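Worksheet: one structure, shown below.
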Amino acid sequence: MRLPLLLAASLALFSCSKSDDPGLAPGEGAELATENGCGAPGPSGYQVLLRTQQQAVQLPGTVETFLLSKDNVFNASGSDHLVASLLRQEDNVLSLRYCGVVHDGLTADIGPARSTISLQDLPPQVYRLRITVRDRHTTGTLDLRTTPARLSFADTTVAGVWR
């Protein structure tokens with residue numbers, strides 16, 4: 001059970017970049033996405049599904065909140081990584097960018113690509129989301145005051161809630 005949690009934490013560190021300065025470039029995940037053709041149109045009907053999940057972490061009694069995402073395409077491997085970055089632009093504005101898939105080739109199982117981003121350092125409040133999925137954009141909200149957190153999206157053909 002600890003191995004998946006460590007993997008999720010590692011992916012979260014790779015995927016997340018926060019800043020109060022909107023002029024700063026997104027983190028390594030976005031740079032990798034640019035190398036993999038970010039902005040190229042996705043397959044017809046391409047969509048990213050998101051949900052929040054709380055998981056116990058190694059410190060006793062500590063719970064961490066994650067933003068889990070998956071695409072709706074069956075990729076070469078069910079453990080492929082969906083390249084995602086999170087940038088905090090203002091106090092209540094988060095920019096989420098999903099741009100491509102990193103194929104790991106470790107399993108023969110097909111399935112959606114997934115990503116995990118830690119939300120632990122964000123104060124509990126309502127955030128406005130600016131979401132980019134390949135070449136398409138939408139807005140939404142993330143309410144971290146509730147358990148589980150609530151997500152909503154303006155254009156559900158771009159992003160939706162994963163239940």
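Residue numbering restarts at 1 for every chain of the structure tokens, chains are lettered A, B, ... in their displayed order, and ligands are numbered from 1 as they appear.
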
Looking only at the backbone, which of the residues in segment 78-150 of chain A does DSSP tag as strand (DSSP E), as an MDAnalysis selection string?
-> chainID A and resid 81:90 93:102 114:118 126:133 136:143 150

Two-atom distance - atom CA of Cys99 of chain A, atom CA of Thr146 of chain A (Å) |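 A separation of 28.5 Å between them.
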
Contact table segment 37-102 of chain A vs segment 111-134 of chain A, cut-off 8 Å, shortest pair per residue, only C-alpha atoms, as JSON lines:
{"residue": "A:Cys38", "atom": "CA", "partner": "A:Arg134", "partner_atom": "CA", "distance": 5.9}
{"residue": "A:Gly39", "atom": "CA", "partner": "A:Arg134", "partner_atom": "CA", "distance": 4.8}
{"residue": "A:Ala40", "atom": "CA", "partner": "A:Arg134", "partner_atom": "CA", "distance": 6.0}
{"residue": "A:Pro41", "atom": "CA", "partner": "A:Arg134", "partner_atom": "CA", "distance": 6.0}
{"residue": "A:Gly42", "atom": "CA", "partner": "A:Arg134", "partner_atom": "CA", "distance": 6.1}
{"residue": "A:Gln47", "atom": "CA", "partner": "A:Val133", "partner_atom": "CA", "distance": 7.4}
{"residue": "A:Val48", "atom": "CA", "partner": "A:Val133", "partner_atom": "CA", "distance": 7.1}
{"residue": "A:Glu64", "atom": "CA", "partner": "A:Gln120", "partner_atom": "CA", "distance": 5.7}
{"residue": "A:Thr65", "atom": "CA", "partner": "A:Leu119", "partner_atom": "CA", "distance": 5.5}
{"residue": "A:Phe66", "atom": "CA", "partner": "A:Ser118", "partner_atom": "CA", "distance": 4.4}
{"residue": "A:Leu67", "atom": "CA", "partner": "A:Ile117", "partner_atom": "CA", "distance": 5.1}
{"residue": "A:Leu68", "atom": "CA", "partner": "A:Thr116", "partner_atom": "CA", "distance": 4.7}
{"residue": "A:Ser69", "atom": "CA", "partner": "A:Ser115", "partner_atom": "CA", "distance": 5.2}
{"residue": "A:Lys70", "atom": "CA", "partner": "A:Arg114", "partner_atom": "CA", "distance": 4.3}
{"residue": "A:Asp71", "atom": "CA", "partner": "A:Pro112", "partner_atom": "CA", "distance": 5.4}
{"residue": "A:Asn72", "atom": "CA", "partner": "A:Pro112", "partner_atom": "CA", "distance": 6.0}
{"residue": "A:Val73", "atom": "CA", "partner": "A:Pro112", "partner_atom": "CA", "distance": 5.4}
{"residue": "A:Phe74", "atom": "CA", "partner": "A:Gly111", "partner_atom": "CA", "distance": 4.4}
{"residue": "A:Asn75", "atom": "CA", "partner": "A:Gly111", "partner_atom": "CA", "distance": 5.5}
{"residue": "A:Ala76", "atom": "CA", "partner": "A:Gly111", "partner_atom": "CA", "distance": 7.3}
{"residue": "A:Ser77", "atom": "CA", "partner": "A:Gly111", "partner_atom": "CA", "distance": 6.0}
{"residue": "A:Gly78", "atom": "CA", "partner": "A:Gly111", "partner_atom": "CA", "distance": 3.9}
{"residue": "A:Ser79", "atom": "CA", "partner": "A:Ala113", "partner_atom": "CA", "distance": 6.2}
{"residue": "A:Asp80", "atom": "CA", "partner": "A:Ala113", "partner_atom": "CA", "distance": 4.6}
{"residue": "A:His81", "atom": "CA", "partner": "A:Ala113", "partner_atom": "CA", "distance": 5.1}
{"residue": "A:Leu82", "atom": "CA", "partner": "A:Arg114", "partner_atom": "CA", "distance": 4.8}
{"residue": "A:Val83", "atom": "CA", "partner": "A:Ser115", "partner_atom": "CA", "distance": 6.8}
{"residue": "A:Ala84", "atom": "CA", "partner": "A:Ser115", "partner_atom": "CA", "distance": 6.6}
{"residue": "A:Leu86", "atom": "CA", "partner": "A:Ile117", "partner_atom": "CA", "distance": 7.7}
{"residue": "A:Asn92", "atom": "CA", "partner": "A:Tyr127", "partner_atom": "CA", "distance": 4.6}
{"residue": "A:Val93", "atom": "CA", "partner": "A:Arg128", "partner_atom": "CA", "distance": 4.8}
{"residue": "A:Leu94", "atom": "CA", "partner": "A:Leu129", "partner_atom": "CA", "distance": 5.0}
{"residue": "A:Ser95", "atom": "CA", "partner": "A:Arg130", "partner_atom": "CA", "distance": 4.7}
{"residue": "A:Leu96", "atom": "CA", "partner": "A:Ile131", "partner_atom": "CA", "distance": 4.8}
{"residue": "A:Arg97", "atom": "CA", "partner": "A:Thr132", "partner_atom": "CA", "distance": 4.7}
{"residue": "A:Tyr98", "atom": "CA", "partner": "A:Val133", "partner_atom": "CA", "distance": 4.8}
{"residue": "A:Cys99", "atom": "CA", "partner": "A:Arg134", "partner_atom": "CA", "distance": 4.9}
{"residue": "A:Gly100", "atom": "CA", "partner": "A:Arg134", "partner_atom": "CA", "distance": 7.0}
{"residue": "A:Val101", "atom": "CA", "partner": "A:Ala113", "partner_atom": "CA", "distance": 6.7}
